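Chemist: Please find work-v4.txt (compact mmCIF, C-alpha atoms) on the next line:
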```txt
# COMPACT_ATOMS: atom_id res chain seq x y z
CA ASN A 1 215.30 76.12 -12.45
CA ALA A 2 214.14 79.20 -10.55
CA GLY A 3 211.07 80.01 -12.71
CA VAL A 4 209.37 83.15 -11.42
CA THR A 5 211.04 84.77 -8.41
CA GLN A 6 209.35 87.40 -6.27
CA THR A 7 211.00 89.55 -3.63
CA PRO A 8 210.34 90.15 -0.84
CA LYS A 9 208.15 87.29 0.45
CA PHE A 10 206.73 89.35 3.30
CA GLN A 11 206.58 93.08 4.00
CA VAL A 12 204.88 95.33 6.52
CA LEU A 13 204.42 98.99 5.63
CA LYS A 14 202.91 102.02 7.26
CA THR A 15 200.21 103.99 5.49
CA GLY A 16 201.76 106.46 3.08
CA GLN A 17 205.05 104.61 2.62
CA SER A 18 206.21 103.56 -0.81
CA MET A 19 207.33 100.11 -1.86
CA THR A 20 208.46 98.26 -4.97
CA LEU A 21 207.76 94.57 -5.40
CA GLN A 22 210.24 92.82 -7.65
CA CYS A 23 209.57 89.98 -10.07
CA ALA A 24 212.04 88.19 -12.32
CA GLN A 25 211.64 85.18 -14.59
CA ASP A 26 214.35 83.09 -16.18
CA MET A 27 212.22 81.27 -18.73
CA ASN A 28 212.56 83.82 -21.56
CA HIS A 29 208.83 84.53 -21.31
CA ASN A 30 207.35 87.39 -23.26
CA SER A 31 204.36 88.32 -21.11
CA MET A 32 204.32 89.16 -17.42
CA TYR A 33 201.49 89.88 -14.99
CA TRP A 34 200.79 91.23 -11.53
CA TYR A 35 197.78 89.95 -9.56
CA ARG A 36 196.47 90.54 -6.08
CA GLN A 37 194.65 87.95 -4.00
CA ASP A 38 192.27 88.98 -1.24
CA PRO A 39 190.45 86.64 1.18
CA GLY A 40 187.40 85.01 -0.37
CA MET A 41 188.30 86.22 -3.82
CA GLY A 42 190.21 84.89 -6.74
CA LEU A 43 193.24 86.61 -8.16
CA ARG A 44 192.58 89.95 -9.81
CA LEU A 45 194.81 91.42 -12.46
CA ILE A 46 196.50 94.70 -11.56
CA TYR A 47 198.76 95.32 -14.56
CA TYR A 48 200.32 93.26 -17.27
CA SER A 49 203.03 93.51 -19.89
CA ALA A 50 202.23 91.64 -23.08
CA SER A 51 205.80 92.05 -24.30
CA GLU A 52 208.96 93.91 -23.41
CA GLY A 53 208.38 97.65 -23.65
CA THR A 54 204.61 97.55 -23.17
CA THR A 55 202.40 97.73 -20.09
CA ASP A 56 198.62 97.86 -19.71
CA LYS A 57 196.09 98.23 -16.94
CA GLY A 58 194.21 95.26 -15.66
CA GLU A 59 191.10 95.04 -13.54
CA VAL A 60 192.34 96.89 -10.42
CA PRO A 61 195.21 99.28 -11.37
CA ASN A 62 194.43 102.24 -9.10
CA GLY A 63 197.21 103.01 -6.63
CA TYR A 64 199.84 101.04 -8.52
CA ASN A 65 202.47 101.60 -11.17
CA VAL A 66 204.59 99.09 -13.04
CA SER A 67 207.85 98.98 -14.94
CA ARG A 68 208.93 96.35 -17.43
CA LEU A 69 212.63 96.90 -16.88
CA ASN A 70 213.71 94.31 -19.45
CA LYS A 71 212.43 90.99 -20.68
CA ARG A 72 213.18 89.28 -17.36
CA GLU A 73 211.94 91.83 -14.83
CA PHE A 74 208.55 93.38 -14.08
CA SER A 75 208.21 95.50 -10.95
CA LEU A 76 205.10 96.75 -9.14
CA ARG A 77 205.25 100.01 -7.19
CA LEU A 78 202.96 101.34 -4.51
CA GLU A 79 203.66 105.08 -4.32
CA SER A 80 201.61 105.79 -1.19
CA ALA A 81 200.47 102.59 0.46
CA ALA A 82 196.93 102.34 1.84
CA PRO A 83 195.42 99.70 4.16
CA SER A 84 193.16 98.61 1.27
CA GLN A 85 196.28 97.39 -0.52
CA THR A 86 196.93 94.78 2.14
CA SER A 87 196.93 91.60 0.10
CA VAL A 88 198.99 88.78 -1.33
CA TYR A 89 200.60 89.77 -4.61
CA PHE A 90 201.47 87.30 -7.34
CA CYS A 91 203.65 87.77 -10.36
CA ALA A 92 203.20 85.47 -13.35
CA SER A 93 204.77 85.05 -16.76
CA ARG A 94 203.89 83.33 -19.99
CA TRP A 95 205.97 82.51 -23.01
CA TRP A 96 203.57 82.99 -25.87
CA ALA A 97 200.30 82.01 -27.51
CA ASN A 98 198.65 78.98 -25.91
CA GLN A 99 201.16 78.47 -23.11
CA PRO A 100 199.89 78.65 -19.51
CA GLN A 101 201.00 81.25 -17.00
CA HIS A 102 203.64 80.33 -14.44
CA PHE A 103 203.31 81.93 -11.03
CA GLY A 104 205.76 83.10 -8.40
CA ASP A 105 205.29 82.17 -4.75
CA GLY A 106 203.65 85.46 -3.83
CA THR A 107 204.43 88.43 -1.59
CA ARG A 108 202.33 88.95 1.53
CA LEU A 109 202.02 92.69 2.06
CA SER A 110 200.45 94.24 5.15
CA ILE A 111 199.79 97.95 5.43
CA LEU A 112 199.09 99.36 8.86
CA ALA B 113 183.87 91.35 -19.72
CA GLN B 114 184.14 87.72 -18.78
CA THR B 115 183.16 86.42 -15.38
CA VAL B 116 183.94 83.14 -13.67
CA THR B 117 181.80 81.75 -10.87
CA GLN B 118 182.60 78.96 -8.44
CA SER B 119 179.48 78.36 -6.41
CA GLN B 120 181.03 75.99 -3.85
CA PRO B 121 183.19 77.91 -1.36
CA GLU B 122 184.07 74.65 0.43
CA MET B 123 183.98 70.95 -0.42
CA SER B 124 185.15 67.86 1.37
CA VAL B 125 185.87 64.31 0.25
CA GLN B 126 187.03 61.09 1.84
CA GLU B 127 190.44 59.84 0.86
CA ALA B 128 190.27 57.53 -2.20
CA GLU B 129 186.85 58.80 -3.23
CA THR B 130 185.85 61.09 -6.09
CA VAL B 131 184.86 64.74 -5.88
CA THR B 132 183.66 67.22 -8.49
CA LEU B 133 184.24 70.96 -8.27
CA SER B 134 181.94 73.24 -10.25
CA CYS B 135 182.73 76.27 -12.38
CA THR B 136 180.60 78.34 -14.70
CA TYR B 137 181.64 81.28 -16.81
CA ASP B 138 180.10 83.96 -18.91
CA THR B 139 181.52 85.05 -22.23
CA SER B 140 180.45 86.07 -25.70
CA GLU B 141 183.65 84.75 -27.25
CA SER B 142 183.82 81.53 -29.21
CA ASP B 143 187.44 80.63 -28.63
CA TYR B 144 189.21 80.72 -25.29
CA TYR B 145 191.06 78.61 -22.73
CA LEU B 146 189.90 77.35 -19.37
CA PHE B 147 192.15 76.31 -16.52
CA TRP B 148 192.06 74.80 -13.08
CA TYR B 149 194.77 75.96 -10.69
CA LYS B 150 195.55 74.46 -7.29
CA GLN B 151 196.79 76.59 -4.41
CA PRO B 152 198.03 74.59 -1.38
CA PRO B 153 198.83 76.27 1.95
CA SER B 154 202.28 77.06 0.58
CA ARG B 155 200.50 79.66 -1.58
CA GLN B 156 201.97 78.41 -4.85
CA MET B 157 199.66 78.52 -7.86
CA ILE B 158 199.96 75.18 -9.59
CA LEU B 159 198.38 74.44 -12.95
CA VAL B 160 196.25 71.32 -12.72
CA ILE B 161 194.61 71.07 -16.12
CA ARG B 162 193.60 73.17 -19.10
CA GLN B 163 191.00 72.96 -21.84
CA GLU B 164 190.92 74.63 -25.22
CA ALA B 165 187.37 75.68 -26.08
CA TYR B 166 187.64 74.49 -29.66
CA LYS B 167 188.35 70.93 -28.52
CA GLN B 168 185.30 68.81 -27.87
CA GLN B 169 187.27 66.16 -26.01
CA ASN B 170 187.52 66.68 -22.28
CA ALA B 171 191.04 67.12 -20.96
CA THR B 172 192.51 64.60 -18.53
CA GLU B 173 195.68 64.60 -16.45
CA ASN B 174 196.12 61.39 -14.47
CA ARG B 175 193.50 61.53 -11.66
CA PHE B 176 192.17 64.90 -12.80
CA SER B 177 189.63 65.32 -15.55
CA VAL B 178 187.19 67.97 -16.65
CA ASN B 179 183.63 68.01 -17.90
CA PHE B 180 183.52 70.84 -20.41
CA GLN B 181 180.05 71.82 -21.57
CA LYS B 182 180.55 74.73 -23.96
CA ALA B 183 176.90 75.49 -24.61
CA ALA B 184 176.15 75.53 -20.90
CA LYS B 185 179.38 77.45 -20.17
CA SER B 186 180.30 74.94 -17.54
CA PHE B 187 183.75 73.60 -16.68
CA SER B 188 183.84 71.18 -13.74
CA LEU B 189 186.89 69.42 -12.32
CA LYS B 190 186.71 65.79 -11.23
CA ILE B 191 189.34 64.42 -8.88
CA SER B 192 189.39 60.63 -8.71
CA ASP B 193 190.99 58.55 -5.96
CA SER B 194 191.45 61.66 -3.81
CA GLN B 195 194.68 61.93 -1.86
CA LEU B 196 195.58 63.94 1.22
CA GLY B 197 197.89 66.03 -0.95
CA ASP B 198 194.94 67.16 -3.03
CA ALA B 199 193.75 69.34 -0.15
CA ALA B 200 194.02 72.92 -1.38
CA MET B 201 192.14 75.91 -2.74
CA TYR B 202 191.13 75.31 -6.36
CA PHE B 203 190.61 78.14 -8.78
CA CYS B 204 188.88 78.02 -12.13
CA ALA B 205 190.22 80.54 -14.63
CA TYR B 206 189.28 81.83 -18.07
CA ARG B 207 191.64 83.17 -20.66
CA SER B 208 190.45 85.18 -23.59
CA LEU B 209 192.10 84.80 -26.95
CA GLU B 210 190.59 88.02 -28.23
CA THR B 211 191.74 90.62 -25.71
CA SER B 212 195.36 91.69 -25.63
CA GLY B 213 197.74 90.18 -23.14
CA SER B 214 195.75 86.94 -22.74
CA ARG B 215 195.01 87.79 -19.12
CA LEU B 216 193.38 85.30 -16.77
CA THR B 217 190.03 85.88 -15.05
CA PHE B 218 189.68 83.82 -11.88
CA GLY B 219 186.75 82.49 -9.93
CA GLU B 220 186.47 82.93 -6.18
CA GLY B 221 187.93 79.54 -5.41
CA THR B 222 186.78 76.31 -3.74
CA GLN B 223 188.52 75.09 -0.60
CA LEU B 224 188.87 71.31 -0.81
CA THR B 225 189.37 69.25 2.35
CA VAL B 226 190.41 65.61 2.08
CA ASN B 227 189.47 63.50 5.10
CA PRO B 228 191.56 60.43 5.98
```
Using structure tokens, write down the structure from this file.
Modeler:
Amino acid sequence: NAGVTQTPKFQVLKTGQSMTLQCAQDMNHNSMYWYRQDPGMGLRLIYYSASEGTTDKGEVPNGYNVSRLNKREFSLRLESAAPSQTSVYFCASRWWANQPQHFGDGTRLSIL
Amino acid sequence: AQTVTQSQPEMSVQEAETVTLSCTYDTSESDYYLFWYKQPPSRQMILVIRQEAYKQQNATENRFSVNFQKAAKSFSLKISDSQLGDAAMYFCAYRSLETSGSRLTFGEGTQLTVNP
């Protein structure tokens, strides 16, 4: 059972480059989320998709875009990467209602 | 907006002993969920325990239990008979039932060290 799969696991970018982080879940979950985790801080929500066809901003959306490609896939795009976006990115999904979120293993992104 | 505060950046415990991690939150909502997640060095986010605000009974999962004080907006995690595998970063999280998307709001985390 794969659960939530994130690709890539690691990536180094130069300032100004673009990058898409991929997330796919095989649990037929309705809602999907993108978080970032910075040292000394908890996870902060970037964007989420409550259901297929909808996306909404979270706490820290600036500099990012998302696409809910279908029910399984939710991608996060950095159009012009900045050093401040160096972080660990987590994708999560949730089936419905009172179910907990399931997390992927994270993508460590470094921007030089 | 809701906030979650974990006032203990680091804690340590001897193997087989008990440790309590603190969490407080701020909300004006009456119904919500609270969670504790564990993040070992592998970086995985693992759900440890959850509590529904409308339930007065404290949740328990094997060696893990919570002390949920709704009026005080406090949600502490007690780990009994600590094991070396319990060493990890622990995050407290709040989930609103009133805002769309049921997003999670996380605390800053508490790094737990288990000493043999």
Chemist: Quick one: everything within 8 Å of stretch 36-42 of chain A, counting only C-alpha atoms, minus sequence neighbours fewer than 5 positions away in the same chain. Send it as an MDAnalysis selection string.
Modeler: (chainID A and resid 87:90) or (chainID B and resid 203 218:221)
Chemist: Keeping C-alpha atoms for every residue in the selection just given, could you write it to a file as a JSON list (two decimals), in the coordinates of the input?
Modeler:
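The resulting selection-v8.json:
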```json
[["chain", "number", "residue", "atom", "x", "y", "z"],
["A", 87, "SER", "CA", 196.93, 91.60, 0.10],
["A", 88, "VAL", "CA", 198.99, 88.78, -1.33],
["A", 89, "TYR", "CA", 200.60, 89.77, -4.61],
["A", 90, "PHE", "CA", 201.47, 87.30, -7.34],
["B", 203, "PHE", "CA", 190.61, 78.14, -8.78],
["B", 218, "PHE", "CA", 189.68, 83.82, -11.88],
["B", 219, "GLY", "CA", 186.75, 82.49, -9.93],
["B", 220, "GLU", "CA", 186.47, 82.93, -6.18],
["B", 221, "GLY", "CA", 187.93, 79.54, -5.41]]
```
Chemist: For each of A:Gly3, A:Leu112, A:Asp26, A:Glu52, take the minimum atom-to-atom distance to A:Leu69, counting all atoms listed in the file, then give the residue where this is smallest.
Modeler: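 Ranked by minimum distance to A:Leu69, first place goes to A:Glu52.
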Chemist: Output as a PDB file with C-alpha atoms, in the frame of the given file the set of chain A residues within 12 Å of chain B, with distances taken over only C-alpha atoms.
Modeler:
```pdb
ATOM      1  CA  VAL A   4     209.370  83.150 -11.420  1.00  0.00           C
ATOM      2  CA  THR A   5     211.040  84.770  -8.410  1.00  0.00           C
ATOM      3  CA  GLN A   6     209.350  87.400  -6.270  1.00  0.00           C
ATOM      4  CA  LYS A   9     208.150  87.290   0.450  1.00  0.00           C
ATOM      5  CA  ASN A  30     207.350  87.390 -23.260  1.00  0.00           C
ATOM      6  CA  SER A  31     204.360  88.320 -21.110  1.00  0.00           C
ATOM      7  CA  MET A  32     204.320  89.160 -17.420  1.00  0.00           C
ATOM      8  CA  TYR A  33     201.490  89.880 -14.990  1.00  0.00           C
ATOM      9  CA  TRP A  34     200.790  91.230 -11.530  1.00  0.00           C
ATOM     10  CA  TYR A  35     197.780  89.950  -9.560  1.00  0.00           C
ATOM     11  CA  ARG A  36     196.470  90.540  -6.080  1.00  0.00           C
ATOM     12  CA  GLN A  37     194.650  87.950  -4.000  1.00  0.00           C
ATOM     13  CA  ASP A  38     192.270  88.980  -1.240  1.00  0.00           C
ATOM     14  CA  PRO A  39     190.450  86.640   1.180  1.00  0.00           C
ATOM     15  CA  GLY A  40     187.400  85.010  -0.370  1.00  0.00           C
ATOM     16  CA  MET A  41     188.300  86.220  -3.820  1.00  0.00           C
ATOM     17  CA  GLY A  42     190.210  84.890  -6.740  1.00  0.00           C
ATOM     18  CA  LEU A  43     193.240  86.610  -8.160  1.00  0.00           C
ATOM     19  CA  ARG A  44     192.580  89.950  -9.810  1.00  0.00           C
ATOM     20  CA  LEU A  45     194.810  91.420 -12.460  1.00  0.00           C
ATOM     21  CA  ILE A  46     196.500  94.700 -11.560  1.00  0.00           C
ATOM     22  CA  TYR A  47     198.760  95.320 -14.560  1.00  0.00           C
ATOM     23  CA  TYR A  48     200.320  93.260 -17.270  1.00  0.00           C
ATOM     24  CA  SER A  49     203.030  93.510 -19.890  1.00  0.00           C
ATOM     25  CA  ALA A  50     202.230  91.640 -23.080  1.00  0.00           C
ATOM     26  CA  SER A  51     205.800  92.050 -24.300  1.00  0.00           C
ATOM     27  CA  GLU A  52     208.960  93.910 -23.410  1.00  0.00           C
ATOM     28  CA  THR A  54     204.610  97.550 -23.170  1.00  0.00           C
ATOM     29  CA  THR A  55     202.400  97.730 -20.090  1.00  0.00           C
ATOM     30  CA  ASP A  56     198.620  97.860 -19.710  1.00  0.00           C
ATOM     31  CA  LYS A  57     196.090  98.230 -16.940  1.00  0.00           C
ATOM     32  CA  GLY A  58     194.210  95.260 -15.660  1.00  0.00           C
ATOM     33  CA  GLU A  59     191.100  95.040 -13.540  1.00  0.00           C
ATOM     34  CA  VAL A  88     198.990  88.780  -1.330  1.00  0.00           C
ATOM     35  CA  TYR A  89     200.600  89.770  -4.610  1.00  0.00           C
ATOM     36  CA  PHE A  90     201.470  87.300  -7.340  1.00  0.00           C
ATOM     37  CA  CYS A  91     203.650  87.770 -10.360  1.00  0.00           C
ATOM     38  CA  ALA A  92     203.200  85.470 -13.350  1.00  0.00           C
ATOM     39  CA  SER A  93     204.770  85.050 -16.760  1.00  0.00           C
ATOM     40  CA  ARG A  94     203.890  83.330 -19.990  1.00  0.00           C
ATOM     41  CA  TRP A  95     205.970  82.510 -23.010  1.00  0.00           C
ATOM     42  CA  TRP A  96     203.570  82.990 -25.870  1.00  0.00           C
ATOM     43  CA  ALA A  97     200.300  82.010 -27.510  1.00  0.00           C
ATOM     44  CA  ASN A  98     198.650  78.980 -25.910  1.00  0.00           C
ATOM     45  CA  GLN A  99     201.160  78.470 -23.110  1.00  0.00           C
ATOM     46  CA  PRO A 100     199.890  78.650 -19.510  1.00  0.00           C
ATOM     47  CA  GLN A 101     201.000  81.250 -17.000  1.00  0.00           C
ATOM     48  CA  HIS A 102     203.640  80.330 -14.440  1.00  0.00           C
ATOM     49  CA  PHE A 103     203.310  81.930 -11.030  1.00  0.00           C
ATOM     50  CA  GLY A 104     205.760  83.100  -8.400  1.00  0.00           C
ATOM     51  CA  ASP A 105     205.290  82.170  -4.750  1.00  0.00           C
ATOM     52  CA  GLY A 106     203.650  85.460  -3.830  1.00  0.00           C
ATOM     53  CA  THR A 107     204.430  88.430  -1.590  1.00  0.00           C
ATOM     54  CA  ARG A 108     202.330  88.950   1.530  1.00  0.00           C
TER      55      ARG A 108
END
```
Chemist: Have a look at atom CA of A:Gln85 and atom CA of A:Phe10 and let me know their distance in Å, one decimal.
Modeler: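 If I compute the distance from atom CA of A:Gln85 to atom CA of A:Phe10, I get 13.7 Å.
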Chemist: What separation in Å, quoted to one decimal, exists between atom CA of B:Lys150 and atom CA of B:Leu224?
Modeler: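 Separation of atom CA of B:Lys150 and atom CA of B:Leu224: 9.8 Å.
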Chemist: Find the distance between atom CA of A:Ala81 and atom CA of A:Gln22 and write it in Å to one decimal.
Modeler: 16.0 Å
Chemist: Using only C-alpha atoms, which residues sit within 7 Å of A:Ser75 once same-chain residues fewer than 6 positions away are excluded, as a count of residues only?
Modeler: 7
Chemist: Could you give me, as a PyMOL selection string, the residues within 12 Å of stretch 167-183 of chain B, counting all atoms listed in the file and dropping anything in the same chain fewer than 3 positions from it?
Modeler: chain B and resi 128-150+159-164+186-195+198+204
Chemist: Just need the box for stretch 185-203 of chain B, edges along x, y and z, holding every atom the file lists for it with 4 Å tacked onto each side, so centre and edge lengths in Å to one decimal, as JSON.
Modeler:
```
{"center_x": 188.6, "center_y": 68.3, "center_z": -9.5, "size_x": 26.5, "size_y": 27.6, "size_z": 29.4}
```
Chemist: Kindly reconstruct stretch 122-142 of chain B with N, CA, C and O atoms and present the result as an mmCIF file, keeping the file's coordinate frame.
Modeler:
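As written to disk, out.cif reads:
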```
data_model
loop_
_atom_site.group_PDB
_atom_site.id
_atom_site.type_symbol
_atom_site.label_atom_id
_atom_site.label_comp_id
_atom_site.auth_asym_id
_atom_site.auth_seq_id
_atom_site.Cartn_x
_atom_site.Cartn_y
_atom_site.Cartn_z
ATOM 1 N N GLU B 122 183.361 75.736 -0.247
ATOM 2 C CA GLU B 122 184.070 74.650 0.430
ATOM 3 C C GLU B 122 183.499 73.305 -0.020
ATOM 4 O O GLU B 122 182.296 73.188 -0.245
ATOM 5 N N MET B 123 184.383 72.332 -0.134
ATOM 6 C CA MET B 123 183.980 70.950 -0.420
ATOM 7 C C MET B 123 184.869 70.036 0.401
ATOM 8 O O MET B 123 186.008 70.378 0.736
ATOM 9 N N SER B 124 184.326 68.855 0.691
ATOM 10 C CA SER B 124 185.150 67.860 1.370
ATOM 11 C C SER B 124 184.931 66.497 0.726
ATOM 12 O O SER B 124 183.879 66.245 0.119
ATOM 13 N N VAL B 125 185.931 65.646 0.862
ATOM 14 C CA VAL B 125 185.870 64.310 0.250
ATOM 15 C C VAL B 125 186.673 63.359 1.121
ATOM 16 O O VAL B 125 187.640 63.770 1.788
ATOM 17 N N GLN B 126 186.264 62.118 1.139
ATOM 18 C CA GLN B 126 187.030 61.090 1.840
ATOM 19 C C GLN B 126 188.182 60.642 0.939
ATOM 20 O O GLN B 126 188.049 60.551 -0.293
ATOM 21 N N GLU B 127 189.279 60.361 1.577
ATOM 22 C CA GLU B 127 190.440 59.840 0.860
ATOM 23 C C GLU B 127 190.008 58.644 0.008
ATOM 24 O O GLU B 127 189.209 57.809 0.447
ATOM 25 N N ALA B 128 190.505 58.598 -1.214
ATOM 26 C CA ALA B 128 190.270 57.530 -2.200
ATOM 27 C C ALA B 128 188.934 57.674 -2.936
ATOM 28 O O ALA B 128 188.693 56.914 -3.883
ATOM 29 N N GLU B 129 188.111 58.613 -2.535
ATOM 30 C CA GLU B 129 186.850 58.800 -3.230
ATOM 31 C C GLU B 129 186.981 59.895 -4.293
ATOM 32 O O GLU B 129 188.030 60.509 -4.469
ATOM 33 N N THR B 130 185.868 60.140 -4.983
ATOM 34 C CA THR B 130 185.850 61.090 -6.090
ATOM 35 C C THR B 130 185.062 62.335 -5.711
ATOM 36 O O THR B 130 184.040 62.247 -5.020
ATOM 37 N N VAL B 131 185.544 63.475 -6.155
ATOM 38 C CA VAL B 131 184.860 64.740 -5.880
ATOM 39 C C VAL B 131 184.848 65.562 -7.157
ATOM 40 O O VAL B 131 185.768 65.473 -7.985
ATOM 41 N N THR B 132 183.785 66.344 -7.320
ATOM 42 C CA THR B 132 183.660 67.220 -8.490
ATOM 43 C C THR B 132 183.481 68.663 -8.046
ATOM 44 O O THR B 132 182.603 68.959 -7.233
ATOM 45 N N LEU B 133 184.311 69.534 -8.565
ATOM 46 C CA LEU B 133 184.240 70.960 -8.270
ATOM 47 C C LEU B 133 183.613 71.673 -9.469
ATOM 48 O O LEU B 133 183.989 71.416 -10.617
ATOM 49 N N SER B 134 182.705 72.587 -9.196
ATOM 50 C CA SER B 134 181.940 73.240 -10.250
ATOM 51 C C SER B 134 182.508 74.603 -10.629
ATOM 52 O O SER B 134 183.083 75.304 -9.789
ATOM 53 N N CYS B 135 182.317 74.954 -11.871
ATOM 54 C CA CYS B 135 182.730 76.270 -12.380
ATOM 55 C C CYS B 135 181.840 76.631 -13.549
ATOM 56 O O CYS B 135 181.607 75.802 -14.439
ATOM 57 N N THR B 136 181.317 77.828 -13.532
ATOM 58 C CA THR B 136 180.600 78.340 -14.700
ATOM 59 C C THR B 136 181.210 79.669 -15.094
ATOM 60 O O THR B 136 181.857 80.347 -14.279
ATOM 61 N N TYR B 137 181.040 80.041 -16.328
ATOM 62 C CA TYR B 137 181.640 81.280 -16.810
ATOM 63 C C TYR B 137 180.687 81.943 -17.787
ATOM 64 O O TYR B 137 179.760 81.313 -18.299
ATOM 65 N N ASP B 138 180.934 83.200 -17.992
ATOM 66 C CA ASP B 138 180.100 83.960 -18.910
ATOM 67 C C ASP B 138 181.005 84.643 -19.923
ATOM 68 O O ASP B 138 181.938 85.350 -19.542
ATOM 69 N N THR B 139 180.733 84.434 -21.181
ATOM 70 C CA THR B 139 181.520 85.050 -22.230
ATOM 71 C C THR B 139 180.709 85.092 -23.517
ATOM 72 O O THR B 139 179.802 84.275 -23.713
ATOM 73 N N SER B 140 181.058 86.004 -24.370
ATOM 74 C CA SER B 140 180.450 86.070 -25.700
ATOM 75 C C SER B 140 181.440 85.593 -26.770
ATOM 76 O O SER B 140 181.118 85.579 -27.954
ATOM 77 N N GLU B 141 182.609 85.194 -26.339
ATOM 78 C CA GLU B 141 183.650 84.750 -27.250
ATOM 79 C C GLU B 141 183.448 83.277 -27.613
ATOM 80 O O GLU B 141 182.835 82.515 -26.856
ATOM 81 N N SER B 142 183.971 82.918 -28.754
ATOM 82 C CA SER B 142 183.820 81.530 -29.210
ATOM 83 C C SER B 142 185.073 80.697 -28.973
ATOM 84 O O SER B 142 185.004 79.479 -28.911
#
```
